[in-house]
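Structure file data_10.txt (compact mmCIF, C-alpha atoms and all ligand atoms) is printed below.
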# COMPACT_ATOMS: atom_id res chain seq x y z
CA MET A 1 12.45 33.01 -9.93
CA ASP A 2 10.24 30.99 -12.28
CA THR A 3 6.72 32.12 -11.43
CA THR A 4 5.19 29.82 -14.07
CA ALA A 5 6.24 26.62 -12.33
CA SER A 6 3.46 24.87 -10.44
CA PRO A 7 3.97 24.94 -6.69
CA THR A 8 5.04 21.76 -4.95
CA PRO A 9 2.07 20.54 -2.92
CA PHE A 10 2.69 19.87 0.75
CA SER A 11 3.75 16.27 1.21
CA PRO A 12 4.14 14.92 4.72
CA PRO A 13 7.14 12.74 5.50
CA PRO A 14 6.91 9.07 4.60
CA SER A 15 5.49 6.64 7.09
CA ARG A 16 8.20 5.21 9.35
CA TRP A 17 6.77 1.76 8.67
CA VAL A 18 7.14 2.16 4.92
CA ALA A 19 10.62 3.67 5.24
CA ARG A 20 11.66 0.80 7.52
CA PHE A 21 10.80 -1.87 4.97
CA ALA A 22 11.76 -0.01 1.81
CA PRO A 23 15.19 -1.71 1.79
CA LEU A 24 13.45 -5.09 1.37
CA VAL A 25 12.26 -4.06 -2.07
CA ARG A 26 14.30 -5.38 -4.99
CA GLN A 27 16.77 -2.71 -6.02
CA GLY A 28 15.44 -0.80 -9.00
CA GLY A 29 12.23 -2.85 -8.98
CA PRO A 30 8.94 -1.16 -9.88
CA VAL A 31 6.76 0.08 -7.03
CA LEU A 32 3.00 0.64 -7.00
CA ASP A 33 1.69 3.34 -4.65
CA VAL A 34 -2.06 2.78 -4.27
CA ALA A 35 -4.15 5.83 -3.31
CA CYS A 36 -0.97 7.88 -3.35
CA GLY A 37 -2.42 11.17 -2.07
CA SER A 38 0.39 13.70 -1.85
CA GLY A 39 2.78 11.05 -3.11
CA ARG A 40 4.91 10.81 0.00
CA HIS A 41 5.76 7.18 -0.79
CA THR A 42 5.94 7.79 -4.51
CA ARG A 43 8.59 10.37 -3.68
CA LEU A 44 10.35 8.07 -1.21
CA PHE A 45 10.72 5.20 -3.67
CA ALA A 46 11.49 7.42 -6.65
CA GLY A 47 14.27 8.93 -4.55
CA LEU A 48 15.59 5.41 -3.90
CA GLY A 49 15.81 4.78 -7.64
CA HIS A 50 12.62 2.80 -8.18
CA PRO A 51 10.27 3.41 -11.10
CA VAL A 52 6.99 4.21 -9.39
CA THR A 53 3.40 3.94 -10.54
CA ALA A 54 1.02 6.03 -8.44
CA ILE A 55 -2.75 5.73 -8.55
CA ASP A 56 -5.34 7.98 -7.00
CA ARG A 57 -8.76 9.28 -7.91
CA THR A 58 -7.25 12.73 -7.85
CA LEU A 59 -3.70 13.51 -8.80
CA ALA A 60 -3.73 17.03 -7.39
CA GLY A 61 -1.30 16.01 -4.65
CA VAL A 62 1.29 14.83 -7.14
CA ALA A 63 0.73 17.52 -9.77
CA ASP A 64 4.32 18.65 -9.39
CA LEU A 65 5.50 15.17 -10.46
CA ALA A 66 3.51 15.16 -13.71
CA GLY A 67 4.93 15.60 -17.14
CA GLY A 68 7.85 13.20 -17.13
CA SER A 69 8.03 9.50 -17.88
CA SER A 70 8.47 8.70 -14.21
CA PRO A 71 6.64 8.42 -11.93
CA GLU A 72 3.73 7.03 -13.88
CA LEU A 73 0.64 8.81 -12.57
CA ILE A 74 -2.76 7.22 -13.06
CA GLU A 75 -5.98 8.99 -12.18
CA ALA A 76 -8.56 6.32 -11.46
CA ASP A 77 -11.39 5.66 -9.07
CA LEU A 78 -10.60 2.30 -7.50
CA GLU A 79 -14.05 1.87 -5.99
CA ASP A 80 -16.52 2.69 -8.74
CA GLY A 81 -16.52 -0.75 -10.37
CA SER A 82 -14.26 0.25 -13.25
CA PRO A 83 -11.68 -2.31 -14.36
CA TRP A 84 -8.29 -2.25 -12.59
CA PRO A 85 -6.46 0.60 -14.30
CA LEU A 86 -3.35 -1.45 -15.16
CA PRO A 87 -2.84 -4.48 -17.41
CA ALA A 88 -3.83 -7.58 -15.46
CA ASP A 89 -0.34 -9.08 -15.82
CA ARG A 90 1.52 -6.04 -14.53
CA ARG A 91 3.66 -7.04 -11.52
CA PHE A 92 5.55 -4.94 -8.99
CA ALA A 93 8.48 -5.44 -6.66
CA ALA A 94 6.42 -3.63 -4.02
CA VAL A 95 2.85 -2.57 -3.47
CA VAL A 96 2.41 0.19 -0.90
CA VAL A 97 -0.90 1.18 0.65
CA THR A 98 -1.17 3.65 3.51
CA ASN A 99 -4.16 5.29 5.13
CA TYR A 100 -6.49 3.75 2.61
CA LEU A 101 -8.78 0.72 2.74
CA HIS A 102 -11.05 -0.72 0.11
CA ARG A 103 -11.37 -4.39 0.96
CA PRO A 104 -12.36 -5.68 -2.52
CA LEU A 105 -8.92 -4.62 -3.75
CA PHE A 106 -6.97 -7.16 -1.68
CA PRO A 107 -6.91 -9.95 -4.30
CA ARG A 108 -5.74 -7.45 -6.90
CA LEU A 109 -3.02 -6.08 -4.62
CA LEU A 110 -1.67 -9.58 -3.99
CA ALA A 111 -1.87 -10.50 -7.67
CA SER A 112 0.16 -7.39 -8.46
CA LEU A 113 3.23 -8.67 -6.59
CA GLU A 114 6.05 -10.27 -8.51
CA PRO A 115 7.67 -13.34 -6.90
CA GLY A 116 9.56 -11.95 -3.92
CA GLY A 117 7.51 -8.75 -4.11
CA VAL A 118 6.79 -6.87 -0.89
CA LEU A 119 3.41 -5.68 0.34
CA ILE A 120 3.72 -2.78 2.77
CA TYR A 121 0.41 -1.81 4.30
CA GLU A 122 -0.51 0.62 7.07
CA THR A 123 -3.92 1.97 7.88
CA PHE A 124 -6.35 2.64 10.67
CA GLY A 125 -7.96 0.07 12.88
CA GLN A 126 -11.13 -0.27 14.87
CA GLY A 127 -10.98 1.96 17.93
CA ASN A 128 -9.66 4.86 15.92
CA GLU A 129 -13.11 6.43 16.11
CA ARG A 130 -12.17 7.40 19.71
CA PHE A 131 -9.46 9.68 18.37
CA GLY A 132 -10.84 11.09 15.14
CA LYS A 133 -11.21 10.23 11.48
CA PRO A 134 -11.57 7.82 9.88
CA SER A 135 -14.33 6.61 12.13
CA SER A 136 -16.52 4.64 9.74
CA PRO A 137 -16.21 0.85 10.12
CA ALA A 138 -15.77 0.66 6.34
CA PHE A 139 -12.41 2.35 6.72
CA LEU A 140 -11.23 0.65 9.91
CA LEU A 141 -9.54 -2.75 10.02
CA ALA A 142 -10.84 -5.32 12.48
CA PRO A 143 -8.24 -6.67 14.91
CA GLY A 144 -5.83 -8.89 12.98
CA GLU A 145 -7.59 -8.25 9.71
CA LEU A 146 -4.47 -7.58 7.65
CA LEU A 147 -3.03 -10.90 8.83
CA ASP A 148 -6.28 -12.66 8.02
CA ARG A 149 -6.45 -11.15 4.56
CA VAL A 150 -2.89 -11.79 3.39
CA GLY A 151 -1.17 -14.03 5.91
CA HIS A 152 -2.20 -17.24 4.20
CA GLN A 153 -0.80 -16.18 0.86
CA LEU A 154 2.30 -14.18 1.72
CA GLN A 155 5.19 -14.64 4.13
CA VAL A 156 4.59 -12.14 6.92
CA VAL A 157 7.74 -10.25 7.83
CA ALA A 158 6.21 -7.96 10.43
CA PHE A 159 2.82 -7.08 11.83
CA GLU A 160 1.74 -4.53 14.42
CA GLN A 161 -1.55 -3.21 15.70
CA GLY A 162 -2.49 -0.85 18.47
CA VAL A 163 -2.52 2.74 19.59
CA THR A 164 0.19 5.05 18.37
CA ASP A 165 0.98 8.65 19.25
CA PHE A 166 2.91 9.31 16.06
CA PRO A 167 2.25 11.29 13.92
CA ARG A 168 -0.93 11.66 15.99
CA ARG A 169 -2.92 9.54 18.39
CA ALA A 170 -4.59 6.82 16.35
CA VAL A 171 -5.28 3.11 16.20
CA VAL A 172 -3.27 1.62 13.37
CA GLN A 173 -2.50 -1.75 11.87
CA ARG A 174 0.66 -2.39 9.89
CA LEU A 175 1.95 -5.26 7.87
CA CYS A 176 4.93 -6.09 5.72
CA ALA A 177 4.78 -9.38 3.82
CA VAL A 178 6.60 -10.99 0.92
CA ALA A 179 5.31 -13.10 -1.96
CA ASP A 180 7.10 -16.42 -2.13
CA PRO A 181 9.93 -16.37 -4.66
CA ALA A 182 8.62 -19.74 -5.76
CA PRO A 183 5.35 -21.26 -4.68
CA TRP A 184 5.77 -24.07 -2.19
CA PRO A 185 5.38 -27.30 -4.19
CA LEU A 186 2.46 -29.39 -3.10
CA PRO A 187 3.28 -32.98 -2.19
CA PRO A 188 2.21 -35.39 -4.91
CA ASN A 189 -1.37 -36.49 -4.58
CA ARG A 190 -1.22 -40.19 -3.75
CA ALA A 191 -4.43 -40.83 -5.62
CA GLU A 192 -2.71 -39.49 -8.75
CA GLY A 193 0.01 -42.11 -8.35
C1 LIG B 1 -5.81 9.61 3.63
S1 LIG B 1 -5.25 9.73 1.97
C2 LIG B 1 -3.77 8.74 2.02
C3 LIG B 1 -2.79 9.15 0.96
C4 LIG B 1 -1.45 8.43 0.98
N1 LIG B 1 -1.60 7.00 0.78
C5 LIG B 1 -0.73 8.70 2.27
O1 LIG B 1 -0.74 7.86 3.17
O2 LIG B 1 -0.16 9.79 2.37
C6 LIG B 1 -6.39 8.67 1.09
C7 LIG B 1 -6.22 8.75 -0.40
O3 LIG B 1 -7.09 7.80 -0.98
C8 LIG B 1 -7.59 8.36 -2.17
N2 LIG B 1 -8.85 7.71 -2.52
C9 LIG B 1 -9.98 7.70 -1.78
N3 LIG B 1 -10.94 7.05 -2.43
C10 LIG B 1 -10.41 6.64 -3.60
C11 LIG B 1 -10.92 5.92 -4.70
N4 LIG B 1 -12.20 5.54 -4.74
N5 LIG B 1 -10.10 5.64 -5.73
C12 LIG B 1 -8.82 6.05 -5.71
N6 LIG B 1 -8.27 6.75 -4.69
C13 LIG B 1 -9.07 7.04 -3.65
C14 LIG B 1 -7.79 9.82 -1.83
O4 LIG B 1 -7.89 10.63 -2.99
C15 LIG B 1 -6.57 10.11 -0.98
O5 LIG B 1 -5.51 10.57 -1.77
Just dump the structure as structure tokens.
Amino acid sequence: MDTTASPTPFSPPPSRWVARFAPLVRQGGPVLDVACGSGRHTRLFAGLGHPVTAIDRTLAGVADLAGGSSPELIEADLEDGSPWPLPADRRFAAVVVTNYLHRPLFPRLLASLEPGGVLIYETFGQGNERFGKPSSPAFLLAPGELLDRVGHQLQVVAFEQGVTDFPRRAVVQRLCAVADPAPWPLPPNRAEG
């Protein structure tokens, strides 16, 4: 037994929502796991053959994945006003965010999708304070908020909100949406002739 190897941190199973929509992601396309935590979705997509970039303010949960060329692990605080930790033109076939909410990031998340890229989002909603953490309004989506934030810019594939009992009783909101492969052309402006 190799006693020098670092132990594999506990990683819960992937979200059923994320696993359900993983097949929508372009085969072999790069995936961004935002606030990756233990890396359960980094591991899911890496196992499906995707190059994954995982960001978190602490990489302790994915320490066992460090050292290779993939996944790309980036330690960065996404809320302290620092610049986005990736080149501005970096695009992904999927952006995955679960159990994390920092509203100012939404424009950046959308801009990080390649044409046809998939946003898979799942986090807690208002009312969750009845069941436990998170309970601060800053971390709880208002009813329909994910739709309001991305529905005008992406094609919504699926949306759910409400009380769940799995993996524990909680109020959650979930969305899967796709960036248009090509932007809808605007009709010519008559005034422009
Ligand atoms: C509840 S965990 C969710 C982890 C993972 N997405 C999942 O669903 O398993 C929230 C994660 O957000 C990360 N996080 C919180 N604040 C952050 C910040 N300011 N910048 C980057 N990551 C942050 C935490 O370190 C933690 O890993």
Neighbours of A:Ser82 within 12 Å (all atoms listed in the file; same-chain residues fewer than 5 positions away dropped), as a ChimeraX atom specification? /A:57,76-77,105
Output of the above residues as a tab-separated table (two decimals), in the coordinates of the input, restricted to C-alpha atoms:
chain	number	residue	atom	x	y	z
A	57	ARG	CA	-8.76	9.28	-7.91
A	76	ALA	CA	-8.56	6.32	-11.46
A	77	ASP	CA	-11.39	5.66	-9.07
A	105	LEU	CA	-8.92	-4.62	-3.75
Could you please extract the residues within 6 Å of ligand LIG 1 (chain B), counting all atoms listed in the file, and hand them back as a PyMOL selection string? chain A and resi 35-38+40+56-58+76-79+97-100
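Using only C-alpha atoms for every distance, the candidate list A:Leu110, A:Pro115, A:Arg103, A:Asp89 yields A:Arg103 as the residue closest to A:Pro137.
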Minimum-distance residue to A:His41, chosen among A:Arg108, A:Lys133, A:Arg26, A:Arg16 (using all atoms listed in the file): A:Arg16
In terms of the shortest atom-to-atom distance over only C-alpha atoms, which of A:Ser112, A:Thr123, A:Gln153, A:Ser11 is closest to A:Val62? A:Ser11
9 Å contact set for A:Leu146, all atoms listed in the file, chain neighbours under 4 positions out, as a list in words: Tyr121, Leu141, Ala142, Val150, Gly151, Phe159, Gln173, Arg174 and Leu175 of chain A
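Here the question is which of A:Asp165, A:Asp148, A:Asp180, A:Glu114 gets nearest to A:Ala94 using all atoms listed in the file, and that residue is A:Glu114.
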Taking into account only C-alpha atoms, which residue in the set A:Leu32, A:Phe131, A:Arg43, A:Phe124 is nearest to A:Pro85? A:Leu32
Counting only C-alpha atoms, what is within 7 Å of A:Ala179, bar same-chain residues fewer than 5 positions away, as a list in words?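 Contacts, with the query itself left out: Leu113, Pro115, Gly116, Gly117, Val118, Leu154 and Gln155 of chain A.
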Counting all atoms listed in the file, which of A:Pro104, A:Gly39, A:Gly29, A:Gly162 gets nearest to A:Ala138? A:Pro104
As a check of understanding: the span from atom CA of A:Asp33 to atom CA of A:Val95 is 6.1 Å
Please, what distance in Å, to one decimal, runs between atom CA of A:Phe166 and atom CA of A:Leu44? 18.8 Å
Record the distance separating atom CA of A:Val171 and atom CA of A:Arg149, expressed in Å with one decimal.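 Value for the atom CA of A:Val171-atom CA of A:Arg149 distance: 18.4 Å.
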Write out as a ChimeraX atom specification which residues come within 10 Å of A:Leu86 when counting all atoms listed in the file, dropping same-chain ones fewer than 2 positions away. /A:53,55,74,83-84,88-91,112
Can you write out the residues you just picked, keeping C-alpha atoms, as a PDB file, in the coordinates of the input?
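So selection-v8.pdb came out as:
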ATOM      1  CA  THR A  53       3.400   3.940 -10.540  1.00  0.00           C
ATOM      2  CA  ILE A  55      -2.750   5.730  -8.550  1.00  0.00           C
ATOM      3  CA  ILE A  74      -2.760   7.220 -13.060  1.00  0.00           C
ATOM      4  CA  PRO A  83     -11.680  -2.310 -14.360  1.00  0.00           C
ATOM      5  CA  TRP A  84      -8.290  -2.250 -12.590  1.00  0.00           C
ATOM      6  CA  ALA A  88      -3.830  -7.580 -15.460  1.00  0.00           C
ATOM      7  CA  ASP A  89      -0.340  -9.080 -15.820  1.00  0.00           C
ATOM      8  CA  ARG A  90       1.520  -6.040 -14.530  1.00  0.00           C
ATOM      9  CA  ARG A  91       3.660  -7.040 -11.520  1.00  0.00           C
ATOM     10  CA  SER A 112       0.160  -7.390  -8.460  1.00  0.00           C
TER      11      SER A 112
END
